[in-house]
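Structure record follows, encoded as structure tokens.
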Amino acid sequence: MDKEMQPLLSVRNLAKRFAVKKDFWGRAKEYNYALNGVSFDIFPGETLGLVGESGCGKTTAGRTIMGLYRPTAGQVFLHGKELDVANGPDKRIQMIFQDPYACLNPRMTVGEIIAEPMEINGVYKEAGAKKQRVYDLLDMVGLSKEQANRFPHEFSGGQRQRIGIARALAVNPDVIICDEPISALDVSIQAQVVNLMSRLQKELGLTYLFIAHDLAMVKYISHRVAVMYKGSIMELAKAEDLYNNPMHPYTKTLLAAIPVPDPDVRADIALIKGEVSQNVGTGCPFAGRCPSASDRCWAEKPKTKVINGHIIACHLYV
Amino acid sequence: MSTSILSVKDLSVGFHTYRGDIKAVRGVTFGVDEGEIVGIVGESGCGKSVTAHAVMGLLPKENSFISGGSISFMNNDITTLSEEAMENIRGSAISMIFQDPMTSLNPVLTIGQQMTEGVKGLTGQEAYEKAVALLERVGIANPKERMKDYPHQFSGGMRQRVMIAMALMGNPRLLFADEPTTALDVTIQAQILALLNELRHDMKMSIVLVSHDLGVIARICDRVNVMYAGRIVEQGTVAEIFHNPQHPYTKGLLNSLPRMDMSLDEELPVIDGQPPDLLYDITGCSFVSRCGCAMRVCTDTKPVEQSVSDSHKAECWLLAKNRSKEAV
Ligand SMILES: Nc1ncnc2c1ncn2[C@@H]1O[C@H](COP(=O)(O)OP(=O)(O)OP(=O)(O)O)[C@@H](O)[C@H]1O
Ligand code: SF4
Ligand SMILES: [Mg+2]
């Protein structure tokens, strides 16, 4: 990205903890840090991919930025101005969800679903303008205006995801947070939706935070990719660089584990032992599974540094 | 020649529903030899699980029916076996693991109780020792201690390991694994696939791996069946399917995956449209509405299986040598 360019969205030291144990009075006794001091920038027109294993905090990151969760610490800036989280969601940030079915109201027509954010935010107030906007949006996502009067159950998974995209676009957002938008779809339908998203990005200059666990798809759609582990960002780099030259031991592990649709690639897959453990401790979150962990890794959480253009949190690099 | 473990011939399965009869599996033929891992790959609803359940005798009694075909296991016809006889085979000679181990584990019994319960031909002590040894084999640390734990005390990956150990209690010759790693993270998925691959060698067991993920299939299968709308449209060795796919659907599926060297300037090749509704009969090729190569014959007449090699077959008119010119 251009150094001179102002980030559209900046996240600084964002943290979110959830109570895992409560005492007799309902006060939290023990916390789990789903987000543990996360910082990154997203530039205009860019897609930042956010990958990591289940429970690593990807969804919490998306929802906290959206204003759906109140952060425990840290700030979110949009166009350089801090968002007041007390105000709840900001219409300039919209979201596309993983399960297009569960997230669409079954009793509303597709037209009503798409128009709802306009009503909530008081834009396109005049009935004719609103209707026209709905038709335009349907057209933009490859559906027809005749489909505006139908109900979500009459649509396939891929079409429902198109409806979700139209709804997210309704109020002309600056940033769209896409939380696993294609994970629930079949392979052949995934490609249709991803092509639509990238076409819309080019046409409308959209900026995406693309949360996913499918690393091949993230690589394809993202300009830069952030790898998260247990609430912290381990490595962030240009998509090409991250995949061709991963630096963090966790990124290397994750890349080696991707099942590649080519039987010739099976040979010596380096398997990582163990599973994500609960205890956080004071050290590097990855120390327990890291093949290169030293005493220092167990004792001290690595600070982020920039090496060869990669933002990386690992004691191996000084 | 290797020994045949499973041979499914022309199997058709349907379901009575309020919309009418769904013909979910429409004449499926495939085999599994000793020690092989055979993949069944295809998109949601194409009939992978129904095929597996039919072989296991696990179809829901209320509304399912096998409308044709035969299933033979180690050269015995098991298509019309009694409920009781099937019960005997299940869990011993043929076993199964599922996507979500939680649905097949009893939450109120310890792992030890579930593993040793109803094991035939072993004393209580022998069953206990076998269970401990198997837990250790699948990579559960402190197996004796963990025998006393309940399913919820295991993580998702560990639970799948427990399920595998449990499935091995009866020394199965054939293991059906229906999306065994779909709910797991990639690093854990890689571990479980490696484990399955080791076990088939150690235990001389054959595995049918059902998955929608071509990457998973490529990683451990020897042979692959590609399913679409209730039919196997292409079958071959893993190399034939991935390096020399013949059916337009297989090609389309493989193409729609982003390659690592692809940039955003290139659009992903897509398969337009969606699979047909299995309620209706299909006169021609089931893929015709989405196929870029479709000819007139494809709409009118069901494609006949064509051989590409001894092990490689595909159901597509494009491969027919003596396709009559008028038909096209
Ligand atoms: N109990 C049932 N009653 C009615 N229809 C059923 C039943 N079970 C399966 N079907 C139908 O049979 C078809 C094949 O289903 P099946 O579960 O085998 O698909 P699958 O290939 O395993 O898909 P997935 O990848 O989603 O697991 C589907 O159309 C499904 O709706
Ligand atoms: S038979 Fe025809 S429609 Fe079917 S896959 Fe082959 S070319 Fe396409
Ligand atoms: Mg299934």
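Residues in the structure tokens are numbered from 1 in each chain, the chains being A, B, ... in the order shown, and ligands are numbered from 1 in the order shown.
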Distance filter 9 Å, only C-alpha atoms, chain A against chain B, as a count of residues only = 46
Test item: residues at most 12 Å from Thr59 (chain A), only C-alpha atoms, excluding those fewer than 2 positions along its chain, as a PyMOL selection string = chain A and resi 16+34-35+50-57+61-66+68-69+95-98+177-181+209-213+228+231
With only C-alpha atoms and all ligand atoms counted, collect every polymer residue having an atom within 6 Å of ligand 2; state the result as a list of chain:residue names.
->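 These are the residues that qualify: B:His247, B:Pro248, B:Cys285, B:Phe287, B:Val288, B:Cys291, B:Cys293, B:Ala294, B:Met295, B:Cys298, B:Pro303, B:Cys316, B:Trp317, B:Leu318.
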Just the selected residues (C-alpha atoms), exported as an mmCIF file, in the first residue's frame, please.
```
data_model
loop_
_atom_site.group_PDB
_atom_site.id
_atom_site.type_symbol
_atom_site.label_atom_id
_atom_site.label_comp_id
_atom_site.auth_asym_id
_atom_site.auth_seq_id
_atom_site.Cartn_x
_atom_site.Cartn_y
_atom_site.Cartn_z
ATOM 1 C CA HIS B 247 -16.076 -34.896 -16.668
ATOM 2 C CA PRO B 248 -17.001 -31.212 -17.076
ATOM 3 C CA CYS B 285 -27.410 -35.729 -18.173
ATOM 4 C CA PHE B 287 -25.305 -31.726 -15.239
ATOM 5 C CA VAL B 288 -26.760 -30.425 -18.500
ATOM 6 C CA CYS B 291 -22.493 -27.612 -18.410
ATOM 7 C CA CYS B 293 -20.126 -28.273 -23.268
ATOM 8 C CA ALA B 294 -23.723 -29.500 -23.364
ATOM 9 C CA MET B 295 -24.968 -30.829 -26.707
ATOM 10 C CA CYS B 298 -27.157 -34.395 -23.356
ATOM 11 C CA PRO B 303 -24.869 -40.342 -20.868
ATOM 12 C CA CYS B 316 -20.333 -37.860 -20.236
ATOM 13 C CA TRP B 317 -21.300 -37.764 -23.902
ATOM 14 C CA LEU B 318 -18.149 -35.832 -24.761
#
```
Pick the closest to Gln113 (chain B) from B:Ile282, B:Met147, B:Val28, B:Val138: which is it, counting only C-alpha atoms?
->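 With only C-alpha atoms as the atom set, the closest residue is B:Met147.
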Could you tell me, counting only C-alpha atoms and all ligand atoms, which protein and nucleic acid residues lie no more than 9 Å from ligand 3, written as an mmCIF file with all heavy atoms, in the first residue's frame?
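Full text of result.cif as output:
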```cif
data_model
loop_
_atom_site.group_PDB
_atom_site.id
_atom_site.type_symbol
_atom_site.label_atom_id
_atom_site.label_comp_id
_atom_site.auth_asym_id
_atom_site.auth_seq_id
_atom_site.Cartn_x
_atom_site.Cartn_y
_atom_site.Cartn_z
ATOM 1 N N GLU B 43 -20.845 -31.991 -3.819
ATOM 2 C CA GLU B 43 -21.372 -30.878 -3.061
ATOM 3 C C GLU B 43 -22.562 -31.282 -2.208
ATOM 4 O O GLU B 43 -23.092 -32.371 -2.345
ATOM 5 C CB GLU B 43 -21.728 -29.747 -4.024
ATOM 6 C CG GLU B 43 -20.500 -29.264 -4.753
ATOM 7 C CD GLU B 43 -20.814 -28.133 -5.696
ATOM 8 O OE1 GLU B 43 -21.156 -28.406 -6.854
ATOM 9 O OE2 GLU B 43 -20.743 -26.982 -5.263
ATOM 10 N N SER B 44 -22.961 -30.372 -1.351
ATOM 11 C CA SER B 44 -24.035 -30.624 -0.407
ATOM 12 C C SER B 44 -25.275 -31.183 -1.107
ATOM 13 O O SER B 44 -25.690 -30.661 -2.135
ATOM 14 C CB SER B 44 -24.375 -29.305 0.279
ATOM 15 O OG SER B 44 -25.258 -29.551 1.322
ATOM 16 N N GLY B 45 -25.833 -32.253 -0.551
ATOM 17 C CA GLY B 45 -27.073 -32.805 -1.078
ATOM 18 C C GLY B 45 -26.904 -33.749 -2.249
ATOM 19 O O GLY B 45 -27.895 -34.239 -2.794
ATOM 20 N N CYS B 46 -25.679 -34.051 -2.650
ATOM 21 C CA CYS B 46 -25.505 -34.896 -3.837
ATOM 22 C C CYS B 46 -25.698 -36.371 -3.518
ATOM 23 O O CYS B 46 -25.738 -37.200 -4.425
ATOM 24 C CB CYS B 46 -24.140 -34.665 -4.490
ATOM 25 S SG CYS B 46 -22.782 -35.292 -3.512
ATOM 26 N N GLY B 47 -25.795 -36.712 -2.221
ATOM 27 C CA GLY B 47 -26.104 -38.096 -1.868
ATOM 28 C C GLY B 47 -24.958 -38.878 -1.242
ATOM 29 O O GLY B 47 -25.050 -40.096 -1.105
ATOM 30 N N LYS B 48 -23.915 -38.195 -0.821
ATOM 31 C CA LYS B 48 -22.767 -38.869 -0.222
ATOM 32 C C LYS B 48 -23.165 -39.589 1.064
ATOM 33 O O LYS B 48 -22.902 -40.784 1.229
ATOM 34 C CB LYS B 48 -21.651 -37.861 0.108
ATOM 35 C CG LYS B 48 -21.205 -37.006 -1.063
ATOM 36 C CD LYS B 48 -20.083 -36.048 -0.672
ATOM 37 C CE LYS B 48 -20.460 -34.974 0.338
ATOM 38 N NZ LYS B 48 -21.402 -33.963 -0.137
ATOM 39 N N SER B 49 -23.790 -38.852 1.966
ATOM 40 C CA SER B 49 -24.145 -39.448 3.260
ATOM 41 C C SER B 49 -25.203 -40.528 3.100
ATOM 42 O O SER B 49 -25.136 -41.564 3.768
ATOM 43 C CB SER B 49 -24.650 -38.382 4.231
ATOM 44 O OG SER B 49 -23.629 -37.468 4.508
ATOM 45 N N VAL B 50 -26.163 -40.298 2.221
ATOM 46 C CA VAL B 50 -27.206 -41.303 2.016
ATOM 47 C C VAL B 50 -26.571 -42.603 1.526
ATOM 48 O O VAL B 50 -26.926 -43.696 1.976
ATOM 49 C CB VAL B 50 -28.282 -40.791 1.029
ATOM 50 C CG1 VAL B 50 -29.235 -41.906 0.643
ATOM 51 C CG2 VAL B 50 -29.046 -39.621 1.644
ATOM 52 N N ALA B 52 -23.527 -43.673 2.157
ATOM 53 C CA ALA B 52 -22.839 -44.271 3.304
ATOM 54 C C ALA B 52 -23.845 -44.905 4.260
ATOM 55 O O ALA B 52 -23.655 -46.033 4.722
ATOM 56 C CB ALA B 52 -22.003 -43.213 4.027
ATOM 57 N N GLN B 99 -19.078 -36.437 11.216
ATOM 58 C CA GLN B 99 -18.547 -35.072 11.303
ATOM 59 C C GLN B 99 -18.513 -34.575 12.746
ATOM 60 O O GLN B 99 -17.534 -34.024 13.200
ATOM 61 C CB GLN B 99 -19.420 -34.145 10.461
ATOM 62 C CG GLN B 99 -19.061 -32.676 10.635
ATOM 63 C CD GLN B 99 -19.769 -31.809 9.607
ATOM 64 O OE1 GLN B 99 -20.293 -32.303 8.624
ATOM 65 N NE2 GLN B 99 -19.773 -30.521 9.828
ATOM 66 N N ASP B 178 -17.524 -40.068 7.502
ATOM 67 C CA ASP B 178 -18.363 -39.077 6.820
ATOM 68 C C ASP B 178 -17.968 -37.682 7.285
ATOM 69 O O ASP B 178 -18.281 -37.293 8.396
ATOM 70 C CB ASP B 178 -19.844 -39.363 7.106
ATOM 71 C CG ASP B 178 -20.777 -38.524 6.224
ATOM 72 O OD1 ASP B 178 -20.283 -37.654 5.475
ATOM 73 O OD2 ASP B 178 -21.998 -38.740 6.286
ATOM 74 N N GLU B 179 -17.252 -36.944 6.466
ATOM 75 C CA GLU B 179 -16.775 -35.588 6.782
ATOM 76 C C GLU B 179 -16.100 -35.559 8.161
ATOM 77 O O GLU B 179 -16.434 -34.734 9.004
ATOM 78 C CB GLU B 179 -17.946 -34.589 6.775
ATOM 79 C CG GLU B 179 -18.759 -34.576 5.499
ATOM 80 C CD GLU B 179 -18.269 -33.564 4.471
ATOM 81 O OE1 GLU B 179 -17.206 -32.934 4.713
ATOM 82 O OE2 GLU B 179 -18.923 -33.424 3.421
ATOM 83 N N VAL B 210 -15.769 -39.720 3.031
ATOM 84 C CA VAL B 210 -16.772 -38.866 2.405
ATOM 85 C C VAL B 210 -16.423 -37.417 2.726
ATOM 86 O O VAL B 210 -16.213 -37.077 3.887
ATOM 87 C CB VAL B 210 -18.179 -39.194 2.966
ATOM 88 C CG1 VAL B 210 -19.203 -38.180 2.478
ATOM 89 C CG2 VAL B 210 -18.595 -40.606 2.584
ATOM 90 N N SER B 211 -16.304 -36.579 1.702
ATOM 91 C CA SER B 211 -15.960 -35.187 1.972
ATOM 92 C C SER B 211 -16.394 -34.291 0.827
ATOM 93 O O SER B 211 -16.516 -34.723 -0.311
ATOM 94 C CB SER B 211 -14.448 -35.052 2.168
ATOM 95 O OG SER B 211 -14.114 -33.710 2.415
ATOM 96 N N HIS B 212 -16.633 -33.023 1.120
ATOM 97 C CA HIS B 212 -16.914 -32.072 0.043
ATOM 98 C C HIS B 212 -15.621 -31.334 -0.307
ATOM 99 O O HIS B 212 -15.598 -30.522 -1.216
ATOM 100 C CB HIS B 212 -17.969 -31.065 0.494
ATOM 101 C CG HIS B 212 -17.453 -30.166 1.568
ATOM 102 N ND1 HIS B 212 -17.385 -30.554 2.888
ATOM 103 C CD2 HIS B 212 -16.912 -28.938 1.504
ATOM 104 C CE1 HIS B 212 -16.837 -29.582 3.587
ATOM 105 N NE2 HIS B 212 -16.532 -28.592 2.793
#
```
List every residue of region 114-294 of chain B that DSSP, applied to the backbone, labels as alpha helix (DSSP H), and write the result as an mmCIF file with C-alpha atoms, in the first residue's frame.
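Heads up, here's the output in selection_12.cif:
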```cif
data_model
loop_
_atom_site.group_PDB
_atom_site.id
_atom_site.type_symbol
_atom_site.label_atom_id
_atom_site.label_comp_id
_atom_site.auth_asym_id
_atom_site.auth_seq_id
_atom_site.Cartn_x
_atom_site.Cartn_y
_atom_site.Cartn_z
ATOM 1 C CA GLN B 114 -18.904 -46.307 26.065
ATOM 2 C CA MET B 115 -15.841 -48.025 24.674
ATOM 3 C CA THR B 116 -16.172 -51.226 26.667
ATOM 4 C CA GLY B 124 -14.470 -56.910 30.824
ATOM 5 C CA GLN B 125 -10.782 -56.717 31.638
ATOM 6 C CA GLU B 126 -9.737 -57.475 28.054
ATOM 7 C CA ALA B 127 -12.116 -54.856 26.711
ATOM 8 C CA TYR B 128 -10.718 -52.327 29.200
ATOM 9 C CA GLU B 129 -7.148 -53.041 28.160
ATOM 10 C CA LYS B 130 -8.026 -52.873 24.499
ATOM 11 C CA ALA B 131 -9.776 -49.546 24.966
ATOM 12 C CA VAL B 132 -6.784 -48.082 26.789
ATOM 13 C CA ALA B 133 -4.412 -49.348 24.107
ATOM 14 C CA LEU B 134 -6.564 -47.901 21.318
ATOM 15 C CA LEU B 135 -6.884 -44.517 23.016
ATOM 16 C CA GLU B 136 -3.133 -44.463 23.296
ATOM 17 C CA ARG B 137 -2.814 -45.502 19.648
ATOM 18 C CA PRO B 143 -5.469 -42.948 28.406
ATOM 19 C CA LYS B 144 -6.226 -44.656 31.725
ATOM 20 C CA GLU B 145 -7.167 -41.351 33.305
ATOM 21 C CA ARG B 146 -9.099 -40.160 30.262
ATOM 22 C CA GLY B 156 -13.178 -31.248 19.199
ATOM 23 C CA GLY B 157 -10.029 -32.842 17.803
ATOM 24 C CA MET B 158 -9.587 -35.126 20.824
ATOM 25 C CA ARG B 159 -13.235 -36.152 20.630
ATOM 26 C CA GLN B 160 -12.767 -37.201 17.015
ATOM 27 C CA ARG B 161 -9.748 -39.273 18.117
ATOM 28 C CA VAL B 162 -11.902 -40.924 20.778
ATOM 29 C CA MET B 163 -14.560 -41.668 18.135
ATOM 30 C CA ILE B 164 -11.928 -43.283 15.961
ATOM 31 C CA ALA B 165 -10.658 -45.405 18.860
ATOM 32 C CA MET B 166 -14.224 -46.427 19.597
ATOM 33 C CA ALA B 167 -14.841 -47.365 15.961
ATOM 34 C CA LEU B 168 -11.744 -49.585 16.078
ATOM 35 C CA VAL B 186 -6.831 -27.114 9.517
ATOM 36 C CA THR B 187 -3.927 -28.071 11.761
ATOM 37 C CA ILE B 188 -6.084 -30.587 13.645
ATOM 38 C CA GLN B 189 -7.585 -31.806 10.374
ATOM 39 C CA ALA B 190 -4.092 -32.572 9.098
ATOM 40 C CA GLN B 191 -3.387 -34.594 12.263
ATOM 41 C CA ILE B 192 -6.598 -36.636 11.982
ATOM 42 C CA LEU B 193 -6.053 -37.370 8.276
ATOM 43 C CA ALA B 194 -2.507 -38.525 9.019
ATOM 44 C CA LEU B 195 -3.864 -40.752 11.783
ATOM 45 C CA LEU B 196 -6.471 -42.343 9.486
ATOM 46 C CA ASN B 197 -3.784 -42.958 6.904
ATOM 47 C CA GLU B 198 -1.530 -44.698 9.442
ATOM 48 C CA LEU B 199 -4.365 -46.784 10.836
ATOM 49 C CA ARG B 200 -5.360 -48.293 7.523
ATOM 50 C CA HIS B 201 -1.798 -49.580 7.159
ATOM 51 C CA ASP B 202 -1.454 -50.771 10.774
ATOM 52 C CA LEU B 214 -11.147 -31.758 -2.684
ATOM 53 C CA GLY B 215 -8.006 -30.952 -0.697
ATOM 54 C CA VAL B 216 -8.889 -33.497 1.979
ATOM 55 C CA ILE B 217 -9.638 -36.121 -0.666
ATOM 56 C CA ALA B 218 -6.357 -35.460 -2.495
ATOM 57 C CA ARG B 219 -4.389 -35.822 0.705
ATOM 58 C CA ILE B 220 -5.130 -39.446 1.626
ATOM 59 C CA VAL B 238 -6.512 -39.917 -7.212
ATOM 60 C CA ALA B 239 -3.955 -38.970 -9.882
ATOM 61 C CA GLU B 240 -6.446 -39.525 -12.708
ATOM 62 C CA ILE B 241 -9.124 -37.401 -11.052
ATOM 63 C CA PHE B 242 -6.852 -34.521 -10.047
ATOM 64 C CA HIS B 243 -4.398 -34.480 -12.952
ATOM 65 C CA PRO B 248 -17.001 -31.212 -17.076
ATOM 66 C CA TYR B 249 -18.286 -31.175 -13.478
ATOM 67 C CA THR B 250 -15.013 -32.491 -12.042
ATOM 68 C CA LYS B 251 -13.095 -30.011 -14.190
ATOM 69 C CA GLY B 252 -15.381 -27.191 -13.100
ATOM 70 C CA LEU B 253 -15.014 -28.044 -9.431
ATOM 71 C CA LEU B 254 -11.236 -28.169 -9.626
ATOM 72 C CA ASN B 255 -11.119 -24.926 -11.604
#
```
By how many Å are CA of Gln235 (chain B) and CA of Arg223 (chain B) apart?
->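 CA of Arg223 (chain B) lies at a distance of 7.5 Å from CA of Gln235 (chain B).
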For ligand 1, the nearest of the candidates A:Gly80, A:Ala184, A:Asp41, A:Arg17, counting only C-alpha atoms and all ligand atoms =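 Of A:Gly80, A:Ala184, A:Asp41, A:Arg17, the one nearest ligand 1, counting only C-alpha atoms and all ligand atoms, is A:Ala184.
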Strand (DSSP E) positions in region 5-114 of chain B, given as a ChimeraX atom specification = /B:5-17,20-33,37-41,64-73,76-77,94-97
Could the residues in this selection be written to a file with N, CA and C atoms, as a short mmCIF file (atom, residue, chain, number, x, y, z; two decimals), in the first residue's frame?
```cif
data_model
loop_
_atom_site.label_atom_id
_atom_site.label_comp_id
_atom_site.auth_asym_id
_atom_site.auth_seq_id
_atom_site.Cartn_x
_atom_site.Cartn_y
_atom_site.Cartn_z
N ILE B 5 -13.47 -55.71 -0.68
CA ILE B 5 -14.08 -55.62 0.63
C ILE B 5 -15.54 -55.23 0.48
N LEU B 6 -15.77 -54.20 -0.35
CA LEU B 6 -17.14 -53.72 -0.53
C LEU B 6 -17.42 -53.57 -2.01
N SER B 7 -18.60 -54.01 -2.42
CA SER B 7 -19.00 -53.78 -3.79
C SER B 7 -20.45 -53.31 -3.82
N VAL B 8 -20.65 -52.08 -4.25
CA VAL B 8 -21.98 -51.50 -4.33
C VAL B 8 -22.35 -51.45 -5.80
N LYS B 9 -23.53 -52.03 -6.13
CA LYS B 9 -23.92 -52.08 -7.55
C LYS B 9 -25.27 -51.42 -7.76
N ASP B 10 -25.26 -50.39 -8.59
CA ASP B 10 -26.51 -49.79 -9.06
C ASP B 10 -27.47 -49.41 -7.94
N LEU B 11 -26.94 -48.96 -6.83
CA LEU B 11 -27.74 -48.64 -5.65
C LEU B 11 -28.60 -47.39 -5.86
N SER B 12 -29.89 -47.53 -5.56
CA SER B 12 -30.79 -46.37 -5.61
C SER B 12 -31.52 -46.24 -4.29
N VAL B 13 -31.57 -45.03 -3.77
CA VAL B 13 -32.23 -44.78 -2.49
C VAL B 13 -33.15 -43.58 -2.63
N GLY B 14 -34.34 -43.69 -2.04
CA GLY B 14 -35.27 -42.57 -2.09
C GLY B 14 -35.84 -42.27 -0.72
N PHE B 15 -36.52 -41.13 -0.63
CA PHE B 15 -37.18 -40.73 0.62
C PHE B 15 -38.60 -40.27 0.29
N HIS B 16 -39.58 -40.74 1.08
CA HIS B 16 -40.92 -40.17 0.97
C HIS B 16 -40.93 -38.86 1.73
N THR B 17 -41.33 -37.78 1.07
CA THR B 17 -41.46 -36.51 1.79
C THR B 17 -42.79 -35.88 1.42
N GLY B 20 -43.19 -35.14 -2.13
CA GLY B 20 -43.17 -36.26 -3.08
C GLY B 20 -41.93 -37.10 -2.78
N ASP B 21 -41.61 -38.07 -3.64
CA ASP B 21 -40.46 -38.92 -3.39
C ASP B 21 -39.17 -38.28 -3.92
N ILE B 22 -38.21 -38.12 -3.03
CA ILE B 22 -36.91 -37.60 -3.43
C ILE B 22 -36.04 -38.78 -3.84
N LYS B 23 -35.50 -38.75 -5.06
CA LYS B 23 -34.60 -39.82 -5.47
C LYS B 23 -33.18 -39.35 -5.21
N ALA B 24 -32.70 -39.65 -4.02
CA ALA B 24 -31.45 -39.07 -3.54
C ALA B 24 -30.22 -39.74 -4.15
N VAL B 25 -30.28 -41.06 -4.27
CA VAL B 25 -29.17 -41.80 -4.86
C VAL B 25 -29.73 -42.55 -6.06
N ARG B 26 -29.10 -42.37 -7.22
CA ARG B 26 -29.72 -42.80 -8.48
C ARG B 26 -28.84 -43.77 -9.25
N GLY B 27 -28.63 -44.95 -8.67
CA GLY B 27 -27.86 -45.95 -9.39
C GLY B 27 -26.36 -45.73 -9.25
N VAL B 28 -25.86 -46.01 -8.05
CA VAL B 28 -24.46 -45.75 -7.76
C VAL B 28 -23.70 -47.07 -7.71
N THR B 29 -22.57 -47.14 -8.40
CA THR B 29 -21.74 -48.34 -8.42
C THR B 29 -20.32 -47.97 -8.04
N PHE B 30 -19.80 -48.59 -7.01
CA PHE B 30 -18.38 -48.38 -6.68
C PHE B 30 -17.89 -49.53 -5.81
N GLY B 31 -16.59 -49.68 -5.71
CA GLY B 31 -16.02 -50.76 -4.93
C GLY B 31 -14.89 -50.26 -4.05
N VAL B 32 -14.60 -51.07 -3.03
CA VAL B 32 -13.49 -50.77 -2.14
C VAL B 32 -12.68 -52.04 -1.97
N ASP B 33 -11.38 -51.96 -2.21
CA ASP B 33 -10.52 -53.12 -2.02
C ASP B 33 -9.83 -53.06 -0.67
N ILE B 37 -8.02 -46.47 0.65
CA ILE B 37 -8.88 -45.36 1.06
C ILE B 37 -9.57 -44.85 -0.20
N VAL B 38 -10.89 -44.97 -0.20
CA VAL B 38 -11.68 -44.55 -1.36
C VAL B 38 -12.46 -43.30 -0.99
N GLY B 39 -12.35 -42.27 -1.80
CA GLY B 39 -13.05 -41.02 -1.51
C GLY B 39 -14.37 -40.92 -2.23
N ILE B 40 -15.35 -40.29 -1.57
CA ILE B 40 -16.58 -39.88 -2.26
C ILE B 40 -16.66 -38.37 -2.08
N VAL B 41 -16.60 -37.64 -3.18
CA VAL B 41 -16.58 -36.19 -3.08
C VAL B 41 -17.71 -35.60 -3.90
N SER B 64 -37.41 -43.83 4.37
CA SER B 64 -36.45 -44.11 3.29
C SER B 64 -36.77 -45.44 2.62
N PHE B 65 -36.33 -45.61 1.40
CA PHE B 65 -36.48 -46.91 0.74
C PHE B 65 -35.34 -47.11 -0.25
N ILE B 66 -34.85 -48.36 -0.28
CA ILE B 66 -33.84 -48.72 -1.27
C ILE B 66 -34.62 -49.24 -2.47
N SER B 67 -34.52 -48.54 -3.60
CA SER B 67 -35.38 -48.91 -4.72
C SER B 67 -34.67 -49.79 -5.73
N GLY B 68 -33.41 -50.10 -5.48
CA GLY B 68 -32.75 -51.00 -6.40
C GLY B 68 -31.28 -51.14 -6.06
N GLY B 69 -30.67 -52.19 -6.62
CA GLY B 69 -29.24 -52.36 -6.47
C GLY B 69 -28.87 -53.33 -5.38
N SER B 70 -27.56 -53.55 -5.23
CA SER B 70 -27.10 -54.50 -4.23
C SER B 70 -25.83 -53.99 -3.56
N ILE B 71 -25.64 -54.45 -2.32
CA ILE B 71 -24.45 -54.10 -1.56
C ILE B 71 -23.83 -55.40 -1.09
N SER B 72 -22.58 -55.66 -1.48
CA SER B 72 -22.00 -56.87 -0.93
C SER B 72 -20.70 -56.55 -0.21
N PHE B 73 -20.60 -57.15 0.98
CA PHE B 73 -19.48 -56.89 1.87
C PHE B 73 -18.69 -58.18 2.04
N ASN B 76 -20.38 -61.17 0.60
CA ASN B 76 -21.70 -61.58 1.07
C ASN B 76 -22.68 -60.46 0.78
N ASP B 77 -23.83 -60.84 0.25
CA ASP B 77 -24.85 -59.83 -0.03
C ASP B 77 -25.45 -59.34 1.29
N ILE B 94 -17.90 -53.53 10.04
CA ILE B 94 -17.99 -52.21 9.41
C ILE B 94 -18.26 -51.19 10.51
N SER B 95 -17.52 -50.11 10.50
CA SER B 95 -17.71 -49.08 11.51
C SER B 95 -17.83 -47.73 10.84
N MET B 96 -18.24 -46.74 11.62
CA MET B 96 -18.44 -45.44 11.00
C MET B 96 -18.08 -44.31 11.97
N ILE B 97 -17.50 -43.24 11.45
CA ILE B 97 -17.31 -42.03 12.25
C ILE B 97 -17.94 -40.85 11.50
#
```
Find the spatial neighbours of region 111-119 of chain A, counting only C-alpha atoms, within a cut-off of 9 Å - ignore same-chain residues fewer than 2 positions away - and output them as a PyMOL selection string.
-> chain A and resi 91+104-105+108-109+121-125+130-131+133-135+137-138+145+147-151+163-164+166-171
Nearest to ligand 1 among B:Thr182, B:Thr110, B:Ser289, B:Asn88, with distances taken over only C-alpha atoms and all ligand atoms: which residue is it?
->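 Distance minimum relative to ligand 1 lands on B:Thr182.
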